[in-house]
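Visitor: Contents of run-v6.tsv (TSV, C-alpha atoms):
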```tsv
chain	number	residue	atom	x	y	z
A	3	MET	CA	0.00	0.00	0.00
A	4	ARG	CA	2.71	2.41	0.95
A	5	SER	CA	4.81	1.86	-2.16
A	6	GLU	CA	1.77	2.58	-4.34
A	7	ASP	CA	1.02	5.73	-2.37
A	8	THR	CA	4.49	7.08	-2.88
A	9	HIS	CA	4.49	6.48	-6.63
A	10	PHE	CA	3.77	10.15	-7.35
A	11	GLN	CA	4.47	11.60	-3.93
A	12	GLY	CA	8.09	10.54	-4.48
A	13	GLU	CA	8.23	13.42	-6.93
A	14	SER	CA	8.34	15.84	-3.96
A	15	GLY	CA	4.56	16.28	-3.81
A	16	LEU	CA	4.28	17.38	-7.43
A	17	ASP	CA	0.95	15.59	-7.70
A	18	LYS	CA	-0.41	17.75	-4.89
A	19	LYS	CA	0.87	20.89	-6.61
A	20	VAL	CA	-0.77	19.85	-9.88
A	21	LYS	CA	-4.04	19.15	-8.04
A	22	LEU	CA	-3.94	22.45	-6.14
A	23	TRP	CA	-2.91	24.77	-8.96
A	24	GLY	CA	-4.94	22.74	-11.43
A	25	THR	CA	-8.08	23.28	-9.37
A	26	VAL	CA	-7.38	27.02	-9.10
A	27	THR	CA	-6.78	27.18	-12.86
A	28	LEU	CA	-9.90	25.14	-13.58
A	29	VAL	CA	-12.07	27.54	-11.59
A	30	GLY	CA	-10.32	30.52	-13.20
A	31	GLY	CA	-10.65	28.98	-16.67
A	32	PHE	CA	-14.42	28.65	-16.43
A	33	ILE	CA	-14.69	32.19	-15.06
A	34	CYS	CA	-12.47	33.63	-17.80
A	35	LEU	CA	-14.36	31.78	-20.53
A	36	SER	CA	-17.61	33.22	-19.22
A	37	TRP	CA	-16.02	36.65	-19.08
A	38	VAL	CA	-15.08	36.29	-22.76
A	39	VAL	CA	-18.77	35.68	-23.55
A	40	PHE	CA	-19.61	38.70	-21.40
A	41	ASP	CA	-17.00	40.78	-23.28
A	42	ILE	CA	-18.50	39.82	-26.64
A	43	PHE	CA	-21.91	41.06	-25.48
A	44	VAL	CA	-20.45	44.23	-24.02
A	45	PHE	CA	-18.32	44.94	-27.12
A	46	GLY	CA	-21.46	44.65	-29.24
A	47	HIS	CA	-23.40	46.91	-26.90
A	48	LEU	CA	-20.68	49.56	-26.65
A	49	LYS	CA	-19.69	49.46	-30.33
A	50	ALA	CA	-23.23	50.42	-31.34
A	51	ARG	CA	-23.06	53.49	-29.09
A	52	LEU	CA	-19.40	54.46	-29.37
A	53	HIS	CA	-19.98	57.15	-31.98
A	54	LEU	CA	-23.03	58.46	-30.13
A	55	PRO	CA	-21.67	60.15	-26.99
A	56	ALA	CA	-25.17	61.38	-26.16
A	57	GLU	CA	-26.22	57.79	-25.46
A	58	TRP	CA	-23.41	57.22	-22.97
A	59	GLY	CA	-24.63	56.98	-19.43
A	60	SER	CA	-23.72	55.31	-16.17
A	61	LEU	CA	-24.66	51.88	-17.61
A	62	GLN	CA	-22.05	52.16	-20.34
A	63	GLN	CA	-19.50	53.44	-17.82
A	64	THR	CA	-20.18	50.45	-15.58
A	65	LEU	CA	-19.93	47.98	-18.46
A	66	GLY	CA	-16.66	49.62	-19.51
A	67	GLY	CA	-15.37	49.21	-15.95
A	68	LEU	CA	-16.35	45.54	-15.93
A	69	LEU	CA	-14.44	45.09	-19.20
A	70	TRP	CA	-11.27	46.37	-17.55
A	71	ILE	CA	-11.83	44.13	-14.52
A	72	GLY	CA	-12.19	41.24	-16.96
A	73	TYR	CA	-8.78	41.94	-18.45
A	74	LEU	CA	-7.31	42.05	-14.94
A	75	VAL	CA	-8.89	38.63	-14.24
A	76	PHE	CA	-7.41	37.34	-17.54
A	77	PHE	CA	-3.98	38.54	-16.43
A	78	LEU	CA	-4.27	36.93	-12.99
A	79	PHE	CA	-5.42	33.66	-14.56
A	80	HIS	CA	-2.06	33.32	-16.35
A	81	ILE	CA	-0.19	32.92	-13.05
A	82	PRO	CA	-1.83	29.66	-11.84
A	83	ALA	CA	-2.18	28.47	-15.45
A	84	LEU	CA	1.54	28.74	-16.22
A	85	LEU	CA	2.43	27.26	-12.80
A	86	THR	CA	0.13	24.30	-13.53
A	87	LEU	CA	1.78	23.80	-16.92
A	88	ILE	CA	5.24	23.79	-15.33
A	89	PHE	CA	4.27	21.37	-12.52
A	90	ARG	CA	2.43	19.16	-15.00
A	91	LEU	CA	5.56	19.01	-17.16
A	92	GLN	CA	7.76	18.16	-14.16
A	93	LEU	CA	5.36	15.45	-12.96
A	94	PHE	CA	4.61	13.63	-16.20
A	95	LYS	CA	7.92	14.46	-17.90
A	96	SER	CA	6.24	14.58	-21.27
A	97	PHE	CA	5.79	17.50	-23.61
A	98	ASP	CA	3.03	16.73	-26.08
A	99	PHE	CA	1.36	18.87	-28.72
A	100	LEU	CA	-1.42	20.14	-26.44
A	101	GLN	CA	1.04	21.09	-23.70
A	102	SER	CA	3.36	22.95	-26.09
A	103	SER	CA	0.36	24.68	-27.70
A	104	ALA	CA	-0.79	25.75	-24.24
A	105	PHE	CA	2.63	27.20	-23.43
A	106	PHE	CA	2.71	29.07	-26.73
A	107	LEU	CA	-0.86	30.35	-26.47
A	108	GLY	CA	-0.35	31.24	-22.80
A	109	LEU	CA	2.63	33.46	-23.51
A	110	LEU	CA	0.95	34.94	-26.59
A	111	SER	CA	-2.19	35.64	-24.58
A	112	LEU	CA	-0.16	37.17	-21.74
A	113	PHE	CA	1.75	39.55	-24.02
A	114	SER	CA	-1.44	40.34	-25.95
A	115	LEU	CA	-2.97	41.74	-22.79
A	116	VAL	CA	-0.58	44.70	-23.08
A	117	GLY	CA	-1.79	45.12	-26.68
A	118	ASP	CA	-5.41	44.94	-25.52
A	119	TYR	CA	-4.80	47.88	-23.22
A	120	GLY	CA	-3.37	49.94	-26.09
A	121	LEU	CA	-6.11	48.87	-28.49
A	122	LEU	CA	-8.95	49.79	-26.16
A	123	ASN	CA	-7.41	53.21	-25.54
A	124	ASP	CA	-6.85	53.73	-29.29
A	125	ILE	CA	-10.42	52.80	-30.11
A	126	GLY	CA	-11.71	55.37	-27.62
A	127	LYS	CA	-9.46	58.13	-28.99
A	128	GLU	CA	-9.87	57.35	-32.69
A	129	THR	CA	-13.65	57.14	-32.44
A	130	ARG	CA	-13.75	60.65	-31.03
A	131	LEU	CA	-11.45	61.98	-33.77
A	132	THR	CA	-12.14	60.04	-36.97
A	133	GLY	CA	-15.02	57.66	-36.32
A	134	LEU	CA	-15.19	53.97	-35.51
A	135	PRO	CA	-11.87	52.21	-36.29
A	136	GLN	CA	-12.97	48.84	-37.71
A	137	SER	CA	-9.45	47.38	-38.01
A	138	GLU	CA	-8.77	47.84	-34.26
A	139	TRP	CA	-12.05	46.12	-33.42
A	140	ASP	CA	-11.09	43.21	-35.65
A	141	VAL	CA	-7.70	42.84	-33.95
A	142	LEU	CA	-9.36	43.05	-30.55
A	143	THR	CA	-11.76	40.25	-31.52
A	144	VAL	CA	-8.93	38.03	-32.82
A	145	VAL	CA	-6.94	38.56	-29.60
A	146	LEU	CA	-10.04	37.74	-27.57
A	147	ALA	CA	-10.28	34.47	-29.52
A	148	VAL	CA	-6.63	33.74	-28.59
A	149	HIS	CA	-7.44	34.30	-24.91
A	150	ALA	CA	-10.52	32.07	-25.18
A	151	LEU	CA	-8.54	29.31	-26.91
A	152	PHE	CA	-5.93	29.38	-24.15
A	153	PHE	CA	-8.58	29.19	-21.41
A	154	LEU	CA	-10.27	26.27	-23.17
A	155	LEU	CA	-6.98	24.45	-23.71
A	156	MET	CA	-6.05	24.83	-20.05
A	157	ILE	CA	-9.40	23.34	-18.96
A	158	ILE	CA	-8.84	20.35	-21.29
A	159	LEU	CA	-5.24	19.86	-20.06
A	160	ILE	CA	-6.28	19.96	-16.41
A	161	PHE	CA	-9.06	17.43	-16.87
A	162	GLN	CA	-6.54	15.28	-18.74
A	163	ALA	CA	-3.99	15.61	-15.91
A	164	PHE	CA	-6.55	14.79	-13.20
A	165	ARG	CA	-7.69	11.71	-15.12
A	166	ARG	CA	-4.10	10.55	-15.59
A	167	LEU	CA	-3.26	11.10	-11.92
A	168	LYS	CA	-6.26	9.04	-10.91
A	169	ARG	CA	-5.43	6.25	-13.36
A	170	GLU	CA	-1.72	5.99	-12.57
A	171	SER	CA	-1.98	6.01	-8.80
A	172	ALA	CA	-4.21	3.09	-7.87
A	173	ALA	CA	-4.01	3.71	-4.12
A	174	GLU	CA	-5.18	7.26	-4.61
A	175	THR	CA	-8.36	6.13	-6.38
A	176	VAL	CA	-11.04	8.25	-4.83
A	177	ALA	CA	-14.30	6.57	-3.91
A	178	LYS	CA	-15.91	9.89	-3.03
A	179	ASP	CA	-14.43	12.48	-5.36
A	180	GLU	CA	-14.02	15.86	-3.72
A	181	ILE	CA	-12.06	17.77	-6.37
A	182	LEU	CA	-15.08	18.53	-8.52
A	183	PHE	CA	-17.16	19.21	-5.41
A	184	LEU	CA	-14.57	21.72	-4.17
A	185	THR	CA	-14.28	23.27	-7.63
A	186	ALA	CA	-18.05	23.73	-7.82
A	187	GLN	CA	-18.03	25.09	-4.26
A	188	TRP	CA	-15.39	27.75	-4.93
A	189	MET	CA	-16.90	28.59	-8.25
A	190	GLY	CA	-20.22	29.11	-6.49
A	191	VAL	CA	-18.61	31.46	-3.97
A	192	ILE	CA	-16.69	33.42	-6.64
A	193	CYS	CA	-19.60	33.63	-9.09
A	194	GLY	CA	-21.99	34.58	-6.29
A	195	GLY	CA	-19.56	37.27	-5.13
A	196	GLY	CA	-19.16	38.48	-8.72
A	197	GLY	CA	-22.91	38.68	-9.12
A	198	LEU	CA	-23.24	40.71	-5.94
A	199	LEU	CA	-20.41	43.00	-7.10
A	200	VAL	CA	-22.17	43.67	-10.41
A	201	ASN	CA	-25.45	44.31	-8.62
A	202	PHE	CA	-23.94	46.73	-6.15
A	203	SER	CA	-21.90	48.49	-8.82
A	204	PHE	CA	-25.18	49.17	-10.65
A	205	TYR	CA	-26.67	50.40	-7.41
A	206	ALA	CA	-23.67	52.57	-6.49
A	207	ARG	CA	-23.64	54.23	-9.90
A	208	GLN	CA	-27.34	55.03	-9.58
A	209	ILE	CA	-28.20	53.59	-12.95
A	210	PRO	CA	-31.79	54.43	-13.96
A	211	SER	CA	-34.21	51.68	-13.01
A	212	ARG	CA	-35.40	51.06	-16.59
A	213	GLN	CA	-31.86	49.93	-17.48
A	214	TYR	CA	-31.79	47.31	-14.76
A	215	VAL	CA	-33.12	44.85	-17.28
A	216	PHE	CA	-29.52	44.73	-18.57
A	217	LEU	CA	-28.49	43.24	-15.26
A	218	LEU	CA	-30.20	39.89	-15.64
A	219	PRO	CA	-28.26	38.55	-18.68
A	220	PHE	CA	-24.96	39.63	-17.09
A	221	CYS	CA	-25.88	37.88	-13.86
A	222	LEU	CA	-26.75	34.76	-15.82
A	223	LEU	CA	-23.38	34.97	-17.58
A	224	LEU	CA	-21.66	35.26	-14.23
A	225	LEU	CA	-23.49	32.14	-13.10
A	226	LEU	CA	-22.39	30.22	-16.19
A	227	PRO	CA	-19.05	28.88	-14.79
A	228	TYR	CA	-20.81	27.71	-11.66
A	229	GLY	CA	-23.56	26.16	-13.74
A	230	LEU	CA	-21.03	24.27	-15.88
A	231	ALA	CA	-19.15	22.96	-12.83
A	232	ALA	CA	-22.36	21.96	-11.07
A	233	LEU	CA	-23.57	20.23	-14.24
A	234	ALA	CA	-20.29	18.30	-14.56
A	235	TRP	CA	-20.62	17.27	-10.92
A	236	LEU	CA	-24.24	16.18	-11.42
A	237	VAL	CA	-23.29	14.10	-14.46
A	238	ARG	CA	-20.65	12.34	-12.33
A	239	GLN	CA	-23.24	11.66	-9.63
A	240	ARG	CA	-26.00	10.43	-11.94
A	241	THR	CA	-25.58	6.79	-10.91
A	242	THR	CA	-25.61	7.44	-7.15
A	243	LYS	CA	-28.56	8.10	-4.88
A	244	PRO	CA	-28.94	11.70	-3.64
A	245	ARG	CA	-28.29	10.61	-0.05
A	246	ASP	CA	-24.86	9.33	-1.17
A	247	TRP	CA	-23.89	12.50	-3.02
A	248	TYR	CA	-22.07	13.84	0.02
A	249	ASP	CA	-20.59	12.35	3.14
A	250	GLU	CA	-21.77	13.42	6.58
A	251	LYS	CA	-19.20	16.20	6.98
A	252	GLN	CA	-20.06	17.70	3.60
A	253	TRP	CA	-23.78	17.68	4.47
A	254	GLY	CA	-22.97	19.47	7.75
A	255	ASP	CA	-20.69	21.98	6.03
A	256	MET	CA	-23.31	22.77	3.42
A	257	THR	CA	-26.01	23.26	6.01
A	258	ARG	CA	-23.83	25.66	8.01
A	259	ALA	CA	-22.76	27.55	4.88
A	260	ALA	CA	-26.37	27.85	3.69
A	261	LEU	CA	-27.42	29.20	7.08
A	262	ALA	CA	-24.52	31.68	7.19
A	263	THR	CA	-25.24	32.87	3.65
A	264	LEU	CA	-28.91	33.25	4.38
A	265	LEU	CA	-28.18	35.24	7.54
A	266	LEU	CA	-25.67	37.43	5.71
A	267	SER	CA	-28.08	38.10	2.85
A	268	LEU	CA	-30.92	39.13	5.14
A	269	PRO	CA	-29.58	42.62	6.03
A	270	GLY	CA	-28.85	43.30	2.36
A	271	MET	CA	-32.28	42.13	1.29
A	272	ALA	CA	-33.93	44.17	4.05
A	273	PHE	CA	-31.99	47.26	2.95
A	274	LEU	CA	-33.07	46.82	-0.66
A	275	LEU	CA	-36.64	46.15	0.34
A	276	LEU	CA	-36.85	49.23	2.56
A	277	PHE	CA	-34.90	51.75	0.50
A	278	ARG	CA	-35.22	50.52	-3.09
A	279	GLN	CA	-38.81	49.34	-3.01
A	280	PRO	CA	-39.78	50.32	-6.60
A	281	LEU	CA	-36.87	48.41	-8.13
A	282	GLY	CA	-38.21	44.89	-8.12
A	283	MET	CA	-35.73	43.90	-10.84
A	284	PHE	CA	-32.78	44.81	-8.65
A	285	TRP	CA	-33.11	42.53	-5.68
A	286	PHE	CA	-34.21	39.53	-7.69
A	287	PRO	CA	-30.84	38.75	-9.36
A	288	HIS	CA	-29.13	39.71	-6.10
A	289	TYR	CA	-31.07	37.01	-4.37
A	290	ILE	CA	-30.34	34.45	-7.10
A	291	CYS	CA	-26.61	35.07	-6.64
A	292	SER	CA	-26.82	34.73	-2.86
A	293	PHE	CA	-28.87	31.58	-3.16
A	294	GLN	CA	-26.56	29.85	-5.61
A	295	ALA	CA	-23.53	30.87	-3.56
A	296	ALA	CA	-25.10	28.96	-0.68
A	297	LEU	CA	-26.00	25.86	-2.64
A	298	PHE	CA	-22.56	24.28	-2.88
A	299	SER	CA	-20.60	26.22	-0.28
B	12	MET	CA	-15.31	18.39	26.33
B	13	THR	CA	-13.96	17.34	22.96
B	14	LEU	CA	-13.68	14.02	21.19
B	15	GLY	CA	-10.12	12.72	20.97
B	16	ASN	CA	-9.08	9.87	18.69
B	17	ASN	CA	-6.27	7.50	17.82
B	18	LEU	CA	-6.99	7.43	14.11
B	19	ARG	CA	-3.57	8.64	13.03
B	20	ARG	CA	-1.76	6.09	15.21
B	21	LEU	CA	-4.08	3.30	14.08
B	22	ARG	CA	-3.53	4.17	10.43
B	23	PHE	CA	0.21	3.77	10.91
B	24	GLU	CA	-0.20	0.55	12.86
B	25	HIS	CA	-2.35	-0.86	10.05
B	26	GLY	CA	0.20	-0.81	7.26
B	27	GLU	CA	0.64	2.95	7.20
B	28	ILE	CA	-2.49	3.40	5.13
B	29	THR	CA	-3.22	6.83	3.77
B	30	GLN	CA	-6.13	9.03	4.74
B	31	GLN	CA	-7.48	8.51	1.22
B	32	ALA	CA	-7.37	4.72	1.54
B	33	LEU	CA	-9.14	4.85	4.89
B	34	ALA	CA	-11.69	7.29	3.47
B	35	ASN	CA	-12.37	4.93	0.57
B	36	ALA	CA	-12.77	2.00	2.96
B	37	VAL	CA	-15.44	3.72	5.06
B	38	GLY	CA	-17.11	5.70	2.24
B	39	VAL	CA	-16.22	9.28	3.09
B	40	THR	CA	-13.90	11.92	1.63
B	41	ARG	CA	-10.27	12.32	2.61
B	42	LEU	CA	-11.07	15.72	4.09
B	43	THR	CA	-13.51	14.12	6.51
B	44	ILE	CA	-10.84	11.73	7.82
B	45	HIS	CA	-8.42	14.65	8.06
B	46	SER	CA	-10.97	16.72	9.98
B	47	ILE	CA	-11.66	13.87	12.43
B	48	GLU	CA	-7.94	13.39	13.09
B	49	LYS	CA	-7.55	17.13	13.70
B	50	ARG	CA	-10.61	17.06	16.03
B	51	LYS	CA	-12.42	19.55	13.83
B	52	PHE	CA	-15.28	17.18	13.11
B	53	VAL	CA	-17.16	14.73	15.34
B	54	PRO	CA	-18.18	11.66	13.31
B	55	SER	CA	-21.61	10.06	13.47
B	56	THR	CA	-22.16	6.81	15.36
B	57	LEU	CA	-22.40	5.00	12.05
B	58	LEU	CA	-19.04	6.30	10.84
B	59	ALA	CA	-17.42	5.57	14.23
B	60	LEU	CA	-18.68	1.98	14.01
B	61	LYS	CA	-17.43	1.64	10.44
B	62	LEU	CA	-13.98	2.80	11.57
B	63	SER	CA	-14.15	0.43	14.51
B	64	ARG	CA	-14.97	-2.48	12.20
B	65	TYR	CA	-12.24	-1.49	9.76
B	66	PHE	CA	-9.54	-1.44	12.43
B	67	GLY	CA	-11.02	-4.43	14.32
B	68	LYS	CA	-11.02	-2.54	17.61
B	69	PRO	CA	-13.79	-1.38	19.97
B	70	VAL	CA	-15.01	2.18	19.38
B	71	GLU	CA	-13.65	3.33	22.76
B	72	ASN	CA	-10.15	2.29	21.65
B	73	ILE	CA	-10.43	4.67	18.71
B	74	PHE	CA	-12.42	7.53	20.23
B	75	PHE	CA	-12.31	8.93	23.74
B	76	ILE	CA	-13.50	12.01	25.59
B	77	LEU	CA	-11.02	14.76	26.33
B	78	ASP	CA	-11.75	17.28	29.04
B	79	GLN	CA	-10.62	20.89	28.58
B	80	GLU	CA	-7.29	20.56	30.42
B	81	ALA	CA	-6.32	17.34	28.70
B	82	SER	CA	-7.16	18.76	25.26
```
Kindly return the structure encoded in the file as structure tokens.

Guide:
Amino acid sequence: MRSEDTHFQGESGLDKKVKLWGTVTLVGGFICLSWVVFDIFVFGHLKARLHLPAEWGSLQQTLGGLLWIGYLVFFLFHIPALLTLIFRLQLFKSFDFLQSSAFFLGLLSLFSLVGDYGLLNDIGKETRLTGLPQSEWDVLTVVLAVHALFFLLMIILIFQAFRRLKRESAAETVAKDEILFLTAQWMGVICGGGGLLVNFSFYARQIPSRQYVFLLPFCLLLLLPYGLAALAWLVRQRTTKPRDWYDEKQWGDMTRAALATLLLSLPGMAFLLLFRQPLGMFWFPHYICSFQAALFS
Amino acid sequence: MTLGNNLRRLRFEHGEITQQALANAVGVTRLTIHSIEKRKFVPSTLLALKLSRYFGKPVENIFFILDQEAS
């Protein structure tokens, strides 16, 4: 038993590093992919209004701000992603086509982020001076596709690595898999937090109530990574009875987390109910985000 | 009062099995075994009996009550 256990642990805990950074990258990958979808929607929305400054309001400012946050998230994603690639290479000692493509795309995507910053600034300036610069938009779209391809490739590589780790280390075969559960849990917390952030940024910028309808699709997009992770987890659990989905500690943890989330959301909900009564659209997505954050946390 | 346990020692006395292997044997996650060993989680009677059966020892040889000073 011991010799089997140490098969990968003999590599100075590289398997643990791959699992840890791989999980972080997996969560980040789903979030970044969803943010790419969000960016495509926002680009379309902003592009139609870029040459009409009269139509620019607090909604467009907020969406612009979320775009910049998205690029910051893209940048941060590269840190765990590249670490995972390095640890994966050290552990498996193989450098296949997918892995080399991921390295190439990762570096290209990382350096392109600097270009994205310049492009977005150029588009703003040129539109004011000479009208909408189509070529810059095209480049921006191509670079966004590069980012998306890298995120997708990383997700595939991590699933591949997890499967290989499970296959090659018989003693580490997991009867009750917790990696996907933990991934879904953290994704729920991050997506729920992101949803709350978007909601409160709309509130803080005092966006007119009729524009709150824009909030719902963005909240749904923010929930997409969590939805994908939860769906993957449900597919894995399809052959087991619901009572066996979790062990007793996980049931207890979920109950406590649900209670804590509910208690934390109550003051916020009460505030919205008392002070923002006419804005029924506002608290509804807020509540969805709180609720889904509780579901797997 | 807290619940103390000899899980870690018993694991090593039974062929140095890993937390994961023990978790698989009794149908829980590795984190649950880890939490029990660290006294962060009190197992149910059913899980305590499963552990007892796995190690072939009475429950009171695996789990015991610690008063505040002893803990």

Visitor: Tell me, as an MDAnalysis selection string, which residues lie within 8 Å of segment 76-83 of chain A, counting only C-alpha atoms; anything in the same chain fewer than 6 positions away does not count.

Guide: chainID A and resid 23:24 26:27 30:31 34 108 112 115 149 156

Visitor: Go ahead and dump the residues you just picked, C-alpha atoms, as a CSV table (one decimal), keeping the file's coordinate frame.

Guide:
```
chain,number,residue,atom,x,y,z
A,23,TRP,CA,-2.9,24.8,-9.0
A,24,GLY,CA,-4.9,22.7,-11.4
A,26,VAL,CA,-7.4,27.0,-9.1
A,27,THR,CA,-6.8,27.2,-12.9
A,30,GLY,CA,-10.3,30.5,-13.2
A,31,GLY,CA,-10.6,29.0,-16.7
A,34,CYS,CA,-12.5,33.6,-17.8
A,108,GLY,CA,-0.4,31.2,-22.8
A,112,LEU,CA,-0.2,37.2,-21.7
A,115,LEU,CA,-3.0,41.7,-22.8
A,149,HIS,CA,-7.4,34.3,-24.9
A,156,MET,CA,-6.0,24.8,-20.0
```

Visitor: Rank nothing, just name the residue among A:Leu222, A:Leu184, A:Trp235, A:Tyr205 nearest to chain B, using only C-alpha atoms.

Guide: A:Leu184

Visitor: For the contact check between chain B and chain A, emit one row per residue of chain B within 7 Å, containing the shortest atom pair and the distance in Å rounded to one decimal, counting all atoms listed in the file, chain then rising number order, as a Markdown table.

Guide:
```
| residue | atom | partner | partner_atom | distance |
| --- | --- | --- | --- | --- |
| B:Glu27 | CA | A:Arg4 | CA | 6.6 |
| B:Ile28 | CA | A:Met3 | CA | 6.6 |
| B:Gln31 | CA | A:Glu174 | CA | 6.4 |
| B:Ala32 | CA | A:Ala173 | CA | 6.7 |
| B:Asn35 | CA | A:Ala177 | CA | 5.1 |
| B:Gly38 | CA | A:Ala177 | CA | 6.8 |
| B:Val39 | CA | A:Asp249 | CA | 5.3 |
| B:Thr40 | CA | A:Lys178 | CA | 5.5 |
| B:Thr43 | CA | A:Lys251 | CA | 6.1 |
```

Visitor: Would you work out the distance separating atom CA of Leu107 of chain A from atom CA of Phe153 of chain A, expressed in Å to one decimal?

Guide: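 Calculated distance between atom CA of Leu107 of chain A and atom CA of Phe153 of chain A is 9.3 Å.
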
Visitor: Within 8 Å of Gln30 of chain B, counting all atoms listed in the file, which residues show up once you throw out same-chain ones fewer than 5 positions away? Write them as an MDAnalysis selection string, please.

Guide: chainID B and resid 22 41 44:45

Visitor: Can you list, as a PyMOL selection string, every protein, DNA or RNA residue that comes within 10 Å of Glu48 of chain B when you count all atoms listed in the file, leaving out same-chain residues fewer than 3 positions away?

Guide: chain B and resi 14-20+30+42-45+51-53

Visitor: Could you jot down the atom CA of Pro227 of chain A to atom CA of Phe32 of chain A separation for me, Å, one decimal place?

Guide: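 Atom CA of Phe32 of chain A lies at a distance of 4.9 Å from atom CA of Pro227 of chain A.
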
Visitor: Give the padded box for segment 83-91 of chain A as JSON: axis-aligned, covering all atoms listed in the file, 4 Å on each side, centre and edge lengths in Å to one decimal.

Guide:
```
{"center_x": 1.7, "center_y": 23.9, "center_z": -14.8, "size_x": 15.7, "size_y": 17.7, "size_z": 12.6}
```

Visitor: Which is closer to Gly67 of chain B than all the others in B:Ala34, B:His25, B:Lys49, B:Ser55, using all atoms listed in the file?

Guide: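 When distances to Gly67 of chain B are compared using all atoms listed in the file, the smallest one comes from B:His25.
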
Visitor: What's the 9 Å shell around Ala59 of chain B, counting only C-alpha atoms, without same-chain residues fewer than 5 positions away, as an MDAnalysis selection string?

Guide: chainID B and resid 54 64 70 73:74

Visitor: With distances taken over all atoms listed in the file, which of B:Ile47, B:Thr56, B:Gly26, B:Ala36 is nearest to Glu71 of chain B?

Guide: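 Residue with the minimum atom-to-atom distance to Glu71 of chain B: B:Thr56.
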
Visitor: In Å to one decimal, how far is atom CA of Gln162 of chain A from atom CA of Leu236 of chain A?

Guide: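 Value for the atom CA of Leu236 of chain A-atom CA of Gln162 of chain A distance: 19.2 Å.
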
Visitor: Which of these residues is nearest to Leu159 of chain A, using all atoms listed in the file: A:Ser36, A:Ser111, A:Asn201, A:Thr25?

Guide: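 For Leu159 of chain A, the nearest of the candidates is A:Thr25.
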
Visitor: Using all atoms listed in the file, which of the listed residues (A:Leu223, A:Asp255, A:Val20, A:Met189) sits closest to Phe43 of chain A?

Guide: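 Residue with the minimum atom-to-atom distance to Phe43 of chain A: A:Leu223.
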